[in-house]
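Peer 1: What follows is structure-v4.pdb, made up of PDB, C-alpha atoms and all ligand atoms:
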ATOM      1  CA  MET A   1      27.792   0.817  33.566
ATOM      2  CA  LYS A   2      24.595  -0.938  34.638
ATOM      3  CA  TRP A   3      21.500  -0.204  32.554
ATOM      4  CA  THR A   4      18.490   0.805  34.695
ATOM      5  CA  ASN A   5      14.971   1.650  33.591
ATOM      6  CA  LEU A   6      13.584   4.170  36.089
ATOM      7  CA  PHE A   7      10.261   4.956  34.432
ATOM      8  CA  ARG A   8       8.266   1.878  33.484
ATOM      9  CA  ARG A   9       5.050   2.494  31.598
ATOM     10  CA  LYS A  10       1.951   0.354  31.251
ATOM     11  CA  ILE A  11      -0.141   0.297  28.084
ATOM     12  CA  ARG A  12      -2.879  -1.937  26.711
ATOM     13  CA  LEU A  13      -2.955  -4.180  23.688
ATOM     14  CA  LEU A  14      -5.944  -3.383  21.453
ATOM     15  CA  SER A  15      -5.462  -6.088  18.832
ATOM     16  CA  THR A  16      -5.183  -9.840  19.159
ATOM     17  CA  LEU A  17      -2.033 -11.893  18.866
ATOM     18  CA  PRO A  18      -1.717 -14.932  16.610
ATOM     19  CA  GLU A  19      -2.387 -18.238  18.378
ATOM     20  CA  ALA A  20       0.672 -19.944  16.900
ATOM     21  CA  PRO A  21       3.266 -17.219  16.306
ATOM     22  CA  VAL A  22       6.527 -17.966  14.533
ATOM     23  CA  GLN A  23       9.550 -17.118  16.702
ATOM     24  CA  ASN A  24      11.561 -14.074  15.515
ATOM     25  CA  ARG A  25       8.838 -12.944  13.089
ATOM     26  CA  PHE A  26       7.464  -9.397  13.527
ATOM     27  CA  TYR A  27       3.699  -8.996  14.034
ATOM     28  CA  PRO A  28       2.083  -5.530  13.780
ATOM     29  CA  VAL A  29      -0.222  -4.795  16.748
ATOM     30  CA  THR A  30      -2.318  -1.851  17.918
ATOM     31  CA  THR A  31      -1.885  -0.547  21.480
ATOM     32  CA  THR A  32      -3.148   2.399  23.501
ATOM     33  CA  GLN A  33       0.156   4.083  22.548
ATOM     34  CA  GLY A  34      -0.265   3.447  18.813
ATOM     35  CA  GLU A  35       1.082   0.889  16.394
ATOM     36  CA  MET A  36       3.879  -1.430  17.517
ATOM     37  CA  MET A  37       5.650  -4.558  16.430
ATOM     38  CA  GLY A  38       5.448  -7.723  18.482
ATOM     39  CA  VAL A  39       7.930 -10.540  18.300
ATOM     40  CA  VAL A  40       8.310 -13.776  20.225
ATOM     41  CA  ALA A  41      11.812 -13.565  21.617
ATOM     42  CA  LYS A  42      13.742 -15.708  24.051
ATOM     43  CA  GLU A  43      11.536 -14.700  27.031
ATOM     44  CA  GLY A  44       8.213 -14.628  25.172
ATOM     45  CA  TRP A  45       6.363 -11.741  23.522
ATOM     46  CA  VAL A  46       8.075  -8.332  23.474
ATOM     47  CA  PHE A  47       6.793  -5.165  21.777
ATOM     48  CA  PHE A  48       8.386  -1.979  20.446
ATOM     49  CA  LYS A  49       7.510   0.944  18.187
ATOM     50  CA  ASN A  50       8.662   0.400  14.641
ATOM     51  CA  ARG A  51      10.681   3.622  14.588
ATOM     52  CA  CYS A  52      14.395   3.525  15.267
ATOM     53  CA  PRO A  53      15.579   6.021  17.932
ATOM     54  CA  HIS A  54      18.637   6.848  15.839
ATOM     55  CA  ALA A  55      17.025   8.496  12.805
ATOM     56  CA  GLY A  56      13.550   7.031  12.370
ATOM     57  CA  GLY A  57      14.318   3.932  10.337
ATOM     58  CA  THR A  58      12.067   0.908  10.635
ATOM     59  CA  PHE A  59      12.611  -2.554  11.979
ATOM     60  CA  ALA A  60      10.145  -4.092   9.531
ATOM     61  CA  GLU A  61      12.870  -6.083   7.860
ATOM     62  CA  HIS A  62      13.967  -8.763  10.253
ATOM     63  CA  LEU A  63      17.747  -8.626  10.607
ATOM     64  CA  GLY A  64      18.066  -9.446  14.289
ATOM     65  CA  ASN A  65      18.512 -12.651  16.202
ATOM     66  CA  GLU A  66      16.392 -13.716  19.157
ATOM     67  CA  SER A  67      18.033 -11.328  21.648
ATOM     68  CA  GLU A  68      18.248  -8.095  19.652
ATOM     69  CA  VAL A  69      16.601  -6.148  16.889
ATOM     70  CA  VAL A  70      18.588  -4.491  14.110
ATOM     71  CA  CYS A  71      17.503  -1.359  12.240
ATOM     72  CA  SER A  72      17.346  -1.878   8.504
ATOM     73  CA  LEU A  73      18.690   1.647   7.762
ATOM     74  CA  HIS A  74      22.052   1.983   9.545
ATOM     75  CA  ARG A  75      22.053  -1.377  11.339
ATOM     76  CA  PHE A  76      22.019  -0.024  14.913
ATOM     77  CA  ARG A  77      21.243  -2.861  17.340
ATOM     78  CA  TYR A  78      18.955  -2.856  20.384
ATOM     79  CA  SER A  79      18.503  -5.462  23.099
ATOM     80  CA  LEU A  80      15.043  -7.040  23.181
ATOM     81  CA  GLN A  81      15.524  -7.611  26.918
ATOM     82  CA  THR A  82      16.352  -4.043  28.001
ATOM     83  CA  GLY A  83      16.078  -1.845  24.906
ATOM     84  CA  GLN A  84      19.660  -0.692  25.395
ATOM     85  CA  GLY A  85      21.531   0.179  22.218
ATOM     86  CA  ALA A  86      24.737  -1.653  21.386
ATOM     87  CA  GLN A  87      27.967  -0.374  22.916
ATOM     88  CA  GLY A  88      28.879   3.069  21.575
ATOM     89  CA  GLN A  89      25.383   3.963  20.315
ATOM     90  CA  GLY A  90      24.304   5.804  23.478
ATOM     91  CA  ASP A  91      20.577   5.358  22.862
ATOM     92  CA  PHE A  92      17.754   2.943  23.631
ATOM     93  CA  LEU A  93      14.520   1.550  22.252
ATOM     94  CA  ARG A  94      11.490   1.288  24.558
ATOM     95  CA  ILE A  95      10.639  -2.378  24.947
ATOM     96  CA  TYR A  96       7.330  -3.611  26.390
ATOM     97  CA  GLN A  97       6.451  -7.016  27.789
ATOM     98  CA  LEU A  98       3.029  -8.656  28.045
ATOM     99  CA  ILE A  99       1.924  -8.977  31.699
ATOM    100  CA  GLY A 100      -1.763  -9.797  31.267
ATOM    101  CA  THR A 101      -4.028 -10.711  28.424
ATOM    102  CA  ASP A 102      -3.943  -7.160  27.088
ATOM    103  CA  GLU A 103      -1.567  -5.229  29.328
ATOM    104  CA  LEU A 104       2.025  -4.362  28.432
ATOM    105  CA  VAL A 105       4.646  -2.947  30.756
ATOM    106  CA  GLU A 106       7.852  -1.234  29.737
ATOM    107  CA  LYS A 107      10.748  -3.431  30.658
ATOM    108  CA  GLY A 108      14.430  -2.981  31.302
ATOM    109  CA  ALA A 109      17.191  -4.363  33.447
TER     110      ALA A 109
HETATM  111  S1  LIG B 201      17.785   5.038  11.553
HETATM  112 FE1  LIG B 201      18.061   3.178  12.564
HETATM  113  S2  LIG B 201      20.165   2.955  12.706
HETATM  114 FE2  LIG B 201      19.919   4.832  11.750
END
Let me see the file written as structure tokens.
Peer 2:
Amino acid sequence: MKWTNLFRRKIRLLSTLPEAPVQNRFYPVTTTQGEMMGVVAKEGWVFFKNRCPHAGGTFAEHLGNESEVVCSLHRFRYSLQTGQGAQGQGDFLRIYQLIGTDELVEKGA
């Protein structure tokens, strides 16, 4: 089944990003939709709320690789490209991408 994001949202970044970020490291940022984590992934900066859709765990501990994030509580995995949960999970994480200096748009395949 193809994963499709029908409802893309735009939000604004209210805090600044580091000038020389380390790839795969999580950076807390403030947005118009609250606190999020930012990480430089394969395609550049991506952002997500630090609350796992499964049961509210956090992604603060970095267990993922460059293409997915892994919850530290039950180890559910989510794509940093689309937000789709790993096969069999049946859930997704909203992922945002930077499209301007301070504007983020929800992304998905
Ligand atoms: S709370 Fe994240 S996998 Fe269960």
Peer 1: Go through the chains and note each residue within 7 Å of ligand LIG 201 (chain B), using all atoms listed in the file, then give the set as a ChimeraX atom specification.
Peer 2: /A:52-58,71-76
Peer 1: Put those residues in a file: C-alpha atoms, as a PDB file, in the coordinates of the input.
Peer 2:
ATOM      1  CA  CYS A  52      14.395   3.525  15.267  1.00  0.00           C
ATOM      2  CA  PRO A  53      15.579   6.021  17.932  1.00  0.00           C
ATOM      3  CA  HIS A  54      18.637   6.848  15.839  1.00  0.00           C
ATOM      4  CA  ALA A  55      17.025   8.496  12.805  1.00  0.00           C
ATOM      5  CA  GLY A  56      13.550   7.031  12.370  1.00  0.00           C
ATOM      6  CA  GLY A  57      14.318   3.932  10.337  1.00  0.00           C
ATOM      7  CA  THR A  58      12.067   0.908  10.635  1.00  0.00           C
ATOM      8  CA  CYS A  71      17.503  -1.359  12.240  1.00  0.00           C
ATOM      9  CA  SER A  72      17.346  -1.878   8.504  1.00  0.00           C
ATOM     10  CA  LEU A  73      18.690   1.647   7.762  1.00  0.00           C
ATOM     11  CA  HIS A  74      22.052   1.983   9.545  1.00  0.00           C
ATOM     12  CA  ARG A  75      22.053  -1.377  11.339  1.00  0.00           C
ATOM     13  CA  PHE A  76      22.019  -0.024  14.913  1.00  0.00           C
TER      14      PHE A  76
END
Peer 1: Identify which of the residues A:Val40, A:Leu80, A:Ile95, A:Val69 lies closest to A:Ala20, counting all atoms listed in the file when measuring atom-to-atom distances.
Peer 2: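 Among the listed residues, the smallest separation from A:Ala20 belongs to A:Val40.
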Peer 1: Give me the residues near A:Glu35 as a list in words, where near means some atom within 8 Å (using all atoms listed in the file) and where sequence neighbours in that chain fewer than 6 positions away do not count.
Peer 2: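 Residues near the query, excluding close chain neighbours: Pro28, Val29, Lys49 and Asn50 of chain A.
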Peer 1: Nearest to A:Thr32: which of A:Arg9, A:Gly44, A:Tyr78, A:Leu14 is it, counting all atoms listed in the file?
Peer 2: A:Leu14
Peer 1: Given all atoms listed in the file as the basis, pick out the residue of A:Gln23, A:Thr30, A:Ile11, A:Gly90 nearest to A:Glu43.
Peer 2: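 Closest to A:Glu43, using all atoms listed in the file: A:Gln23.
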Peer 1: Which value, in Å to one decimal, gives the distance between atom CA of A:Gln33 and atom CA of A:Arg12?
Peer 2: 7.9 Å
Peer 1: Suppose you want the space between atom CA of A:Val105 and atom CA of A:Gln81; what is it in Å?
Peer 2: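 Rounded to one decimal, the two atoms are 12.4 Å apart.
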Peer 1: Any chance you could resolve the PyMOL selection byres (((chain A and resi 101) around 10) and not hetatm) against this file and give the residues as a list of chain:residue names?
Peer 2: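 Selected by the PyMOL selection byres (((chain A and resi 101) around 10) and not hetatm) here: A:Arg12, A:Leu13, A:Thr16, A:Leu17, A:Leu98, A:Ile99, A:Gly100, A:Asp102, A:Glu103, A:Leu104.
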Peer 1: Go ahead and dump the residues you just picked, C-alpha atoms, as an mmCIF file, keeping the file's coordinate frame.
Peer 2:
data_model
loop_
_atom_site.group_PDB
_atom_site.id
_atom_site.type_symbol
_atom_site.label_atom_id
_atom_site.label_comp_id
_atom_site.auth_asym_id
_atom_site.auth_seq_id
_atom_site.Cartn_x
_atom_site.Cartn_y
_atom_site.Cartn_z
ATOM 1 C CA ARG A 12 -2.879 -1.937 26.711
ATOM 2 C CA LEU A 13 -2.955 -4.180 23.688
ATOM 3 C CA THR A 16 -5.183 -9.840 19.159
ATOM 4 C CA LEU A 17 -2.033 -11.893 18.866
ATOM 5 C CA LEU A 98 3.029 -8.656 28.045
ATOM 6 C CA ILE A 99 1.924 -8.977 31.699
ATOM 7 C CA GLY A 100 -1.763 -9.797 31.267
ATOM 8 C CA ASP A 102 -3.943 -7.160 27.088
ATOM 9 C CA GLU A 103 -1.567 -5.229 29.328
ATOM 10 C CA LEU A 104 2.025 -4.362 28.432
#
Peer 1: Could you jot down the atom CA of A:Gln89 to atom CA of A:Gly38 separation for me, Å, one decimal place?
Peer 2: 23.2 Å
